[in-house]
$ cat model_16.txt   # compact mmCIF, C-alpha atoms and all ligand atoms
# COMPACT_ATOMS: atom_id res chain seq x y z
CA MET A 1 61.25 121.29 119.91
CA ALA A 2 64.30 119.01 120.29
CA ALA A 3 63.94 115.67 122.12
CA ASP A 4 64.70 115.27 125.84
CA LYS A 5 66.01 111.74 125.38
CA ALA A 6 67.87 109.91 122.61
CA VAL A 7 68.95 106.27 122.43
CA VAL A 8 71.66 105.58 119.86
CA ILE A 9 73.06 102.30 118.55
CA SER A 10 76.76 102.76 117.81
CA PRO A 11 78.61 100.07 115.86
CA ALA A 12 81.99 98.39 116.19
CA THR A 13 84.38 99.46 113.45
CA LEU A 14 87.48 98.24 111.67
CA SER A 15 90.29 100.74 111.42
CA ASN A 16 93.39 100.65 109.21
CA LEU A 17 92.13 97.74 107.02
CA GLY A 18 95.80 96.79 106.84
CA SER A 19 97.26 99.31 104.42
CA GLY A 20 95.39 102.46 105.54
CA PHE A 21 96.82 103.18 109.01
CA ASP A 22 94.83 105.93 110.78
CA VAL A 23 93.03 106.60 107.46
CA PHE A 24 90.65 103.76 106.50
CA GLY A 25 87.63 102.70 108.54
CA LEU A 26 84.66 100.39 108.09
CA ALA A 27 81.50 100.20 110.19
CA LEU A 28 80.32 96.71 111.15
CA ARG A 29 76.74 95.51 111.43
CA GLU A 30 77.59 93.95 114.81
CA PRO A 31 78.56 94.07 117.65
CA PHE A 32 77.48 97.50 118.92
CA ASP A 33 77.07 99.68 122.01
CA VAL A 34 73.81 101.38 123.01
CA ILE A 35 74.09 104.89 124.47
CA GLU A 36 71.21 106.82 126.00
CA ALA A 37 71.36 110.58 126.63
CA ARG A 38 68.81 112.51 128.69
CA ARG A 39 68.68 116.28 128.89
CA ILE A 40 69.25 117.90 132.31
CA PRO A 41 69.10 121.63 133.11
CA GLU A 42 72.57 121.70 134.75
CA ARG A 43 75.35 122.17 132.20
CA GLU A 44 77.01 118.92 133.22
CA VAL A 45 77.73 115.50 131.74
CA ILE A 46 76.96 112.70 134.18
CA ILE A 47 77.50 109.00 133.47
CA GLU A 48 74.71 107.29 135.32
CA ARG A 49 75.43 103.64 134.52
CA ILE A 50 77.60 101.35 132.39
CA ASP A 51 76.43 97.76 131.76
CA GLY A 52 77.52 94.98 129.44
CA ARG A 53 80.86 93.56 128.38
CA ASN A 54 83.70 94.30 130.85
CA ALA A 55 81.64 97.27 132.09
CA SER A 56 83.28 97.19 135.52
CA THR A 57 86.65 98.07 133.92
CA ILE A 58 85.30 101.32 132.42
CA THR A 59 85.29 104.55 134.37
CA THR A 60 82.11 106.54 134.97
CA ASP A 61 84.19 109.72 135.35
CA PRO A 62 82.89 111.81 132.40
CA MET A 63 86.29 113.49 132.01
CA HIS A 64 87.92 110.12 131.29
CA ASN A 65 85.11 108.13 129.67
CA SER A 66 84.98 108.29 125.85
CA ALA A 67 81.19 108.77 125.66
CA GLY A 68 81.38 111.48 128.33
CA ILE A 69 84.24 113.37 126.68
CA ALA A 70 82.55 113.22 123.26
CA ALA A 71 79.16 114.36 124.61
CA ARG A 72 80.91 117.25 126.41
CA ALA A 73 82.68 118.22 123.17
CA VAL A 74 79.36 118.31 121.27
CA LEU A 75 77.64 120.42 123.95
CA ASP A 76 80.59 122.85 124.10
CA ARG A 77 80.91 123.17 120.34
CA SER A 78 77.19 123.90 119.94
CA LYS A 79 77.17 126.22 122.98
CA ALA A 80 74.26 124.21 124.47
CA ASP A 81 72.65 125.68 127.60
CA PHE A 82 71.92 122.26 129.11
CA GLY A 83 73.72 119.07 130.13
CA VAL A 84 73.13 115.31 129.78
CA THR A 85 73.07 112.11 131.78
CA LEU A 86 74.38 109.11 129.86
CA THR A 87 73.78 105.40 130.25
CA ILE A 88 76.05 103.08 128.31
CA LYS A 89 75.43 99.45 127.38
CA LYS A 90 78.65 97.90 126.10
CA GLY A 91 78.28 95.24 123.42
CA ILE A 92 81.93 95.67 122.45
CA ARG A 93 84.68 94.57 124.81
CA PRO A 94 87.31 97.24 125.51
CA CYS A 95 90.89 96.67 124.23
CA SER A 96 89.63 94.49 121.37
CA GLY A 97 90.75 96.23 118.17
CA ILE A 98 87.23 96.80 116.84
CA GLY A 99 86.74 100.32 118.12
CA SER A 100 85.21 99.83 121.57
CA SER A 101 86.07 103.29 122.90
CA GLY A 102 85.35 104.72 119.44
CA ALA A 103 81.81 103.27 119.47
CA SER A 104 81.11 104.78 122.88
CA ALA A 105 82.61 108.11 121.79
CA ALA A 106 80.56 108.18 118.58
CA GLY A 107 77.43 107.12 120.48
CA GLY A 108 77.98 109.78 123.16
CA ALA A 109 78.50 112.45 120.49
CA CYS A 110 75.48 111.39 118.41
CA ALA A 111 73.15 110.95 121.41
CA ALA A 112 74.03 114.44 122.72
CA ASN A 113 73.75 115.81 119.18
CA ALA A 114 70.23 114.39 118.85
CA LEU A 115 69.11 116.63 121.75
CA LEU A 116 70.21 119.86 120.05
CA GLU A 117 67.78 122.25 118.40
CA VAL A 118 70.30 122.67 115.56
CA PRO A 119 72.44 119.49 115.41
CA LEU A 120 76.08 119.49 114.36
CA SER A 121 76.91 117.96 110.97
CA PRO A 122 78.11 114.31 110.91
CA GLU A 123 81.65 115.58 110.18
CA GLU A 124 81.53 117.81 113.27
CA ALA A 125 80.21 114.91 115.37
CA VAL A 126 83.16 112.80 114.15
CA TYR A 127 85.54 115.60 115.09
CA CYS A 128 84.07 115.80 118.63
CA ALA A 129 84.19 112.01 119.06
CA ALA A 130 87.81 111.96 117.89
CA ARG A 131 88.68 114.33 120.77
CA ALA A 132 87.76 111.47 123.13
CA GLU A 133 89.98 109.01 121.25
CA GLY A 134 92.82 111.51 121.46
CA HIS A 135 92.39 111.93 125.19
CA LEU A 136 92.19 108.20 125.95
CA SER A 137 94.83 106.70 123.65
CA GLY A 138 97.22 109.66 123.68
CA SER A 139 96.92 110.05 119.90
CA TYR A 140 94.33 111.86 117.87
CA HIS A 141 92.86 109.43 115.33
CA ALA A 142 89.41 109.30 113.78
CA ASP A 143 89.46 106.08 111.77
CA ASN A 144 87.14 104.33 114.27
CA VAL A 145 84.83 107.21 115.19
CA GLY A 146 84.52 108.23 111.51
CA PRO A 147 82.75 105.07 110.33
CA ALA A 148 80.99 104.67 113.71
CA VAL A 149 79.23 108.00 113.08
CA MET A 150 78.90 107.90 109.27
CA GLY A 151 78.72 104.16 108.48
CA GLY A 152 80.11 102.34 105.45
CA PHE A 153 83.74 102.84 104.39
CA THR A 154 85.46 106.08 105.38
CA ILE A 155 88.73 107.72 104.45
CA ILE A 156 90.34 110.45 106.58
CA LYS A 157 91.71 112.55 103.75
CA SER A 158 93.46 114.85 106.19
CA TYR A 159 93.60 115.56 109.93
CA GLU A 160 94.71 119.21 109.62
CA PRO A 161 92.38 120.54 108.31
CA PHE A 162 90.02 117.70 109.21
CA GLU A 163 88.38 116.13 106.17
CA ILE A 164 86.59 112.78 106.04
CA LEU A 165 85.08 111.05 102.98
CA ARG A 166 82.51 108.26 102.97
CA MET A 167 81.45 105.66 100.43
CA GLU A 168 79.17 102.63 100.35
CA PRO A 169 81.20 99.38 100.34
CA PRO A 170 80.29 96.46 98.04
CA LYS A 171 77.09 94.78 99.20
CA ASP A 172 78.71 91.31 99.33
CA LEU A 173 81.66 92.34 101.51
CA GLY A 174 81.59 89.82 104.36
CA VAL A 175 83.67 90.20 107.52
CA VAL A 176 84.77 87.58 110.06
CA VAL A 177 85.90 89.02 113.38
CA THR A 178 87.83 86.76 115.74
CA MET A 179 88.46 88.16 119.20
CA PRO A 180 90.99 86.16 121.24
CA ASP A 181 90.57 86.26 124.99
CA PHE A 182 93.35 88.71 125.81
CA LEU A 183 93.53 92.50 125.83
CA VAL A 184 95.73 94.97 123.94
CA SER A 185 95.36 98.67 124.70
CA THR A 186 95.66 101.18 121.85
CA GLY A 187 98.05 103.28 123.92
CA GLU A 188 100.43 100.34 124.37
CA ALA A 189 100.07 99.27 120.72
CA ARG A 190 101.02 102.76 119.54
CA LYS A 191 104.19 102.79 121.62
CA VAL A 192 105.70 99.98 119.51
CA LEU A 193 105.21 101.79 116.18
CA PRO A 194 108.23 102.84 114.13
CA LYS A 195 109.05 106.56 114.17
CA GLN A 196 110.20 106.50 110.55
CA VAL A 197 109.13 104.63 107.43
CA ASP A 198 111.44 103.28 104.80
CA LEU A 199 110.74 104.83 101.36
CA LYS A 200 110.33 101.41 99.75
CA ASN A 201 107.70 100.49 102.35
CA MET A 202 105.93 103.79 101.85
CA VAL A 203 105.62 103.09 98.12
CA TYR A 204 104.25 99.62 98.90
CA GLU A 205 101.65 101.00 101.35
CA VAL A 206 100.45 103.76 99.01
CA GLY A 207 100.10 101.22 96.19
CA ASN A 208 98.08 98.83 98.34
CA ALA A 209 95.91 101.55 99.91
CA SER A 210 95.11 103.02 96.49
CA ALA A 211 94.23 99.60 95.09
CA LEU A 212 91.99 98.90 98.10
CA VAL A 213 89.97 102.05 97.38
CA LEU A 214 89.69 101.03 93.71
CA GLY A 215 88.44 97.63 94.90
CA MET A 216 85.75 99.37 96.98
CA CYS A 217 84.72 101.49 93.96
CA ARG A 218 84.61 98.52 91.59
CA GLY A 219 82.98 96.14 94.05
CA ASP A 220 86.02 93.87 93.60
CA ILE A 221 86.31 92.00 96.92
CA ASP A 222 89.31 90.00 95.74
CA LEU A 223 91.21 93.22 94.98
CA ILE A 224 90.21 94.67 98.38
CA GLY A 225 91.51 91.54 100.13
CA ARG A 226 94.77 91.47 98.13
CA SER A 227 95.40 95.12 98.97
CA MET A 228 95.27 94.83 102.77
CA ARG A 229 98.84 93.72 103.36
CA ASP A 230 100.68 96.20 105.56
CA VAL A 231 104.48 96.13 105.84
CA VAL A 232 104.88 98.96 108.37
CA ILE A 233 102.42 98.73 111.26
CA GLU A 234 101.50 95.03 111.55
CA PRO A 235 105.09 93.75 111.69
CA ALA A 236 105.70 96.05 114.67
CA ARG A 237 102.52 94.93 116.43
CA ALA A 238 102.61 91.22 115.59
CA PRO A 239 104.43 90.30 118.85
CA LEU A 240 101.36 91.60 120.77
CA ASN A 241 99.34 88.82 119.12
CA PRO A 242 101.84 85.98 118.63
CA ARG A 243 99.44 83.83 116.52
CA LEU A 244 98.52 86.68 114.15
CA ARG A 245 100.44 85.49 111.09
CA GLU A 246 99.19 81.90 111.44
CA ALA A 247 95.62 83.17 111.92
CA GLU A 248 95.82 85.37 108.80
CA ALA A 249 97.23 82.48 106.76
CA ALA A 250 94.51 80.13 108.04
CA ALA A 251 91.82 82.66 107.02
CA THR A 252 93.10 83.00 103.45
CA LYS A 253 93.58 79.24 103.14
CA ALA A 254 89.92 78.82 104.17
CA GLY A 255 88.77 81.18 101.40
CA ALA A 256 89.12 84.73 102.78
CA ALA A 257 90.05 87.39 100.23
CA GLY A 258 92.35 89.01 102.81
CA ALA A 259 93.08 89.24 106.54
CA PHE A 260 94.59 91.82 108.86
CA LEU A 261 95.00 92.91 112.46
CA GLY A 262 91.89 94.80 113.60
CA GLY A 263 93.00 98.31 114.61
CA SER A 264 95.57 98.03 117.36
CA GLY A 265 94.57 94.39 118.00
CA PRO A 266 94.18 91.74 119.18
CA CYS A 267 91.18 90.96 116.92
CA VAL A 268 91.98 89.21 113.66
CA ILE A 269 89.80 90.29 110.74
CA ALA A 270 89.12 88.38 107.52
CA VAL A 271 87.11 89.68 104.57
CA TYR A 272 85.31 87.43 102.12
CA ASP A 273 82.85 87.50 99.25
CA MET A 274 79.39 86.62 100.56
CA ALA A 275 78.32 85.61 97.05
CA LYS A 276 80.91 82.78 97.12
CA ASN A 277 81.35 81.84 100.77
CA ASP A 278 79.29 81.77 103.98
CA GLY A 279 82.28 82.73 106.14
CA LYS A 280 81.78 79.86 108.62
CA GLY A 281 84.82 77.85 107.48
CA ILE A 282 86.99 80.96 107.74
CA ALA A 283 85.73 81.61 111.27
CA GLU A 284 86.44 78.02 112.27
CA ALA A 285 89.95 78.03 110.77
CA VAL A 286 90.96 81.21 112.64
CA ARG A 287 89.33 80.11 115.88
CA ASP A 288 91.22 76.76 115.74
CA ILE A 289 94.56 78.59 115.74
CA TYR A 290 93.77 80.15 119.14
CA VAL A 291 91.74 77.34 120.68
CA ASN A 292 94.54 74.84 119.92
CA ASP A 293 96.78 77.18 121.88
CA GLY A 294 94.37 77.18 124.86
CA ILE A 295 92.99 80.68 124.10
CA LYS A 296 89.21 81.12 123.98
CA CYS A 297 87.71 83.29 121.19
CA ASP A 298 84.55 85.18 120.37
CA THR A 299 83.60 85.21 116.71
CA TRP A 300 81.25 87.30 114.56
CA VAL A 301 80.47 86.32 110.97
CA THR A 302 79.04 89.60 109.77
CA THR A 303 79.25 92.38 107.19
CA TRP A 304 79.61 96.14 107.01
CA GLY A 305 76.88 98.36 108.42
CA GLN A 306 75.46 101.80 108.98
CA GLY A 307 76.73 104.42 111.44
CA CYS A 308 75.10 105.61 114.67
CA ARG A 309 71.34 105.40 114.45
CA ARG A 310 68.45 106.16 116.80
CA GLU A 311 66.87 103.08 118.37
N1 LIG B 401 94.42 103.52 113.73
C1 LIG B 401 94.48 103.29 115.15
C2 LIG B 401 95.67 102.40 115.45
C3 LIG B 401 93.22 102.64 115.59
O1 LIG B 401 95.90 101.44 114.71
O2 LIG B 401 96.38 102.67 116.42
C4 LIG B 401 93.23 102.23 117.02
O3 LIG B 401 91.99 101.82 117.41

$ encode --input "model_16.txt" --output "C-alpha cells" --more "lines below"
Ligand code: HSE
Amino acid sequence: MAADKAVVISPATLSNLGSGFDVFGLALREPFDVIEARRIPEREVIIERIDGRNASTITTDPMHNSAGIAARAVLDRSKADFGVTLTIKKGIRPCSGIGSSGASAAGGACAANALLEVPLSPEEAVYCAARAEGHLSGSYHADNVGPAVMGGFTIIKSYEPFEILRMEPPKDLGVVVTMPDFLVSTGEARKVLPKQVDLKNMVYEVGNASALVLGMCRGDIDLIGRSMRDVVIEPARAPLNPRLREAEAAATKAGAAGAFLGGSGPCVIAVYDMAKNDGKGIAEAVRDIYVNDGIKCDTWVTTWGQGCRRE
C-alpha cells in the first residue's frame, strides 16, 4: 500500500557551471526546500501553504506554482486516480540563480511520486518537473530539476528525445555560494541571450565543457575550475550583476579553482578543493565586493549533495 503522506527535502542546484549552458547541473547540500504532499480523493492539486524565504511573493495557484505544476504532471503521467494537497517550506529565495523554482518543482514531483503505487522513474520525475520550469520561465530546461531529483552532477545529453546522465562528483569539491540582495528572474535573464553563437566561441565552449567533465571523472578540481569559463552566456548576462567580474576575480585570487554566475544569476558561485582550503576566505573576498558597494549578501560555504530525499 502506497503512503498517504510524503515529506521531501529538495536541494538548491547549480546550473550551467559556466561552460555547460542548459546542460550541466550540480545538486548542493544546502540550502533546500521542504515539500509535503498528502493524498486526497479528489483528483486535484491544492497548495495549502507556503512558508519561508520570500514566501509571500510565490503564488498558491497550482497552475502557476512550480511544485503544483510538477505534481500535476506526475499524477497525469501515471494516470493516478487521486489528488494531493501540498505544503511548501522555502529555504531557497526565488530569483536567486540556485534553482529555487527548480527545487520546488523537483520536490513537488518527487513528493507526489512517493504516493504512487508504482512510482515513475527518476528520469520521468525530472521530465515532469522540467514541465514546470518551462511554464514559469518560458523556456524548457532541466539543468536545475535534473540534479535536484537525481543529486550529484548531471548532464542533459539531449532534450529531444530527453536523456539525462548522472555521475558522482569528486568528494572534495567545495562550493561557495554568494547571494547578493537583489533579484534576477530567469525569464528576464533569458531575454538578453544571443540568438546566434560565433563558431570560434562554440569551439571554446565545447573544449571547456568537455574538459570539465574530464575533471569530474578524474577528481581534478583544478581542471573543473579552469574549465568553467563561458564566453557566450555570461558576457550577455553580466550587466544584470554589475560586480560579477570583480567577484569572480576576487574568488580565484582567494584560492577558488573557478567561479561563475549561478544559473541565470545573481548568485556568484566559486568552487574549491576542500582538501586544500576551508572556503571561508573565498566567501569573505566575494562578500566584500558587494558589501563595499552597500549590497547585503547571504553566503553558504558548502559542497555538492544528494537529490530529493524523504525526510
Ligand atoms: N540554464 C538556465 C539558464 C538555468 O541559465 O537560463 C536557469 O535557472

$ residues_near_ligand --input "model_16.txt" --ligand "ligand LIG 401 (chain B)" --cutoff "7 Å" --atoms "all atoms listed in the file" --output "list in words"
Ser15, Asn16, Phe21, Asp22, Gly97, Ile98, Gly99, His141, Asp143, Asn144, Thr186, Ala189, Arg190, Gly263 and Ser264 of chain A

$ atom_distance --input "model_16.txt" --atom1 "atom CA of A:Ala105" --atom2 "atom CA of A:Gly174"
25.3 Å

$ residues_around --input "model_16.txt" --residues "stretch 152-160 of chain A" --least-positions-apart "6" --cutoff "6 Å" --atoms "only C-alpha atoms" --output "list in words"
Val23, Phe24, Gly25, Leu26, Ala27, Arg166, Met167, Glu168, Pro169, Gly305 and Gln306 of chain A

$ closest_residue --input "model_16.txt" --among "A:Ile88, A:Ile295, A:Val126, A:Leu214" --to "A:Ile58" --atoms "only C-alpha atoms"
A:Ile88

$ closest_residue --input "model_16.txt" --among "A:Pro11, A:Pro94, A:Gly258, A:Gly83" --to "A:Ala106" --atoms "only C-alpha atoms"
A:Pro11

$ closest_atom_pairs --input "model_16.txt" --of "stretch 2-65 of chain A" --to "stretch 297-303 of chain A" --cutoff "12 Å" --atoms "all atoms listed in the file" --output "Markdown table"
| residue | atom | partner | partner_atom | distance |
| --- | --- | --- | --- | --- |
| A:Pro11 | CA | A:Thr303 | CA | 11.6 |
| A:Ala12 | CA | A:Thr303 | CA | 11.2 |
| A:Thr13 | CA | A:Thr303 | CA | 10.8 |
| A:Leu14 | CA | A:Thr303 | CA | 11.1 |
| A:Leu26 | CA | A:Thr303 | CA | 9.7 |
| A:Ala27 | CA | A:Thr303 | CA | 8.7 |
| A:Leu28 | CA | A:Thr303 | CA | 6.0 |
| A:Arg29 | CA | A:Thr303 | CA | 5.8 |
| A:Glu30 | CA | A:Thr302 | CA | 6.8 |
| A:Pro31 | CA | A:Trp300 | CA | 7.9 |
| A:Phe32 | CA | A:Trp300 | CA | 11.7 |

$ closest_residue --input "model_16.txt" --among "A:Asp61, A:Asp293, A:Asp76, A:Glu284" --to "A:Ile46" --atoms "only C-alpha atoms"
A:Asp61

$ residues_near_point --input "model_16.txt" --point "(96.4, 112.0, 117.1)" --cutoff "9 Å" --atoms "all atoms listed in the file" --output "PyMOL selection string"
chain A and resi 22+130-131+133-134+137-142+159

$ closest_residue --input "model_16.txt" --among "A:Asp198, A:Asp278, A:Asp230, A:Asp181" --to "A:Ser96" --atoms "only C-alpha atoms"
A:Asp181

$ residues_around --input "model_16.txt" --residues "A:Arg93" --least-positions-apart "6" --cutoff "10 Å" --atoms "only C-alpha atoms" --output "VMD selection string"
chain A and resid 12 31 to 33 52 to 55 57 99 to 101 179 183

$ write_last_selection --input "model_16.txt" --atoms "C-alpha atoms" --output "PDB file, in the frame of the given file"
ATOM      1  CA  ALA A  12      81.990  98.390 116.190  1.00  0.00           C
ATOM      2  CA  PRO A  31      78.560  94.070 117.650  1.00  0.00           C
ATOM      3  CA  PHE A  32      77.480  97.500 118.920  1.00  0.00           C
ATOM      4  CA  ASP A  33      77.070  99.680 122.010  1.00  0.00           C
ATOM      5  CA  GLY A  52      77.520  94.980 129.440  1.00  0.00           C
ATOM      6  CA  ARG A  53      80.860  93.560 128.380  1.00  0.00           C
ATOM      7  CA  ASN A  54      83.700  94.300 130.850  1.00  0.00           C
ATOM      8  CA  ALA A  55      81.640  97.270 132.090  1.00  0.00           C
ATOM      9  CA  THR A  57      86.650  98.070 133.920  1.00  0.00           C
ATOM     10  CA  GLY A  99      86.740 100.320 118.120  1.00  0.00           C
ATOM     11  CA  SER A 100      85.210  99.830 121.570  1.00  0.00           C
ATOM     12  CA  SER A 101      86.070 103.290 122.900  1.00  0.00           C
ATOM     13  CA  MET A 179      88.460  88.160 119.200  1.00  0.00           C
ATOM     14  CA  LEU A 183      93.530  92.500 125.830  1.00  0.00           C
TER      15      LEU A 183
END
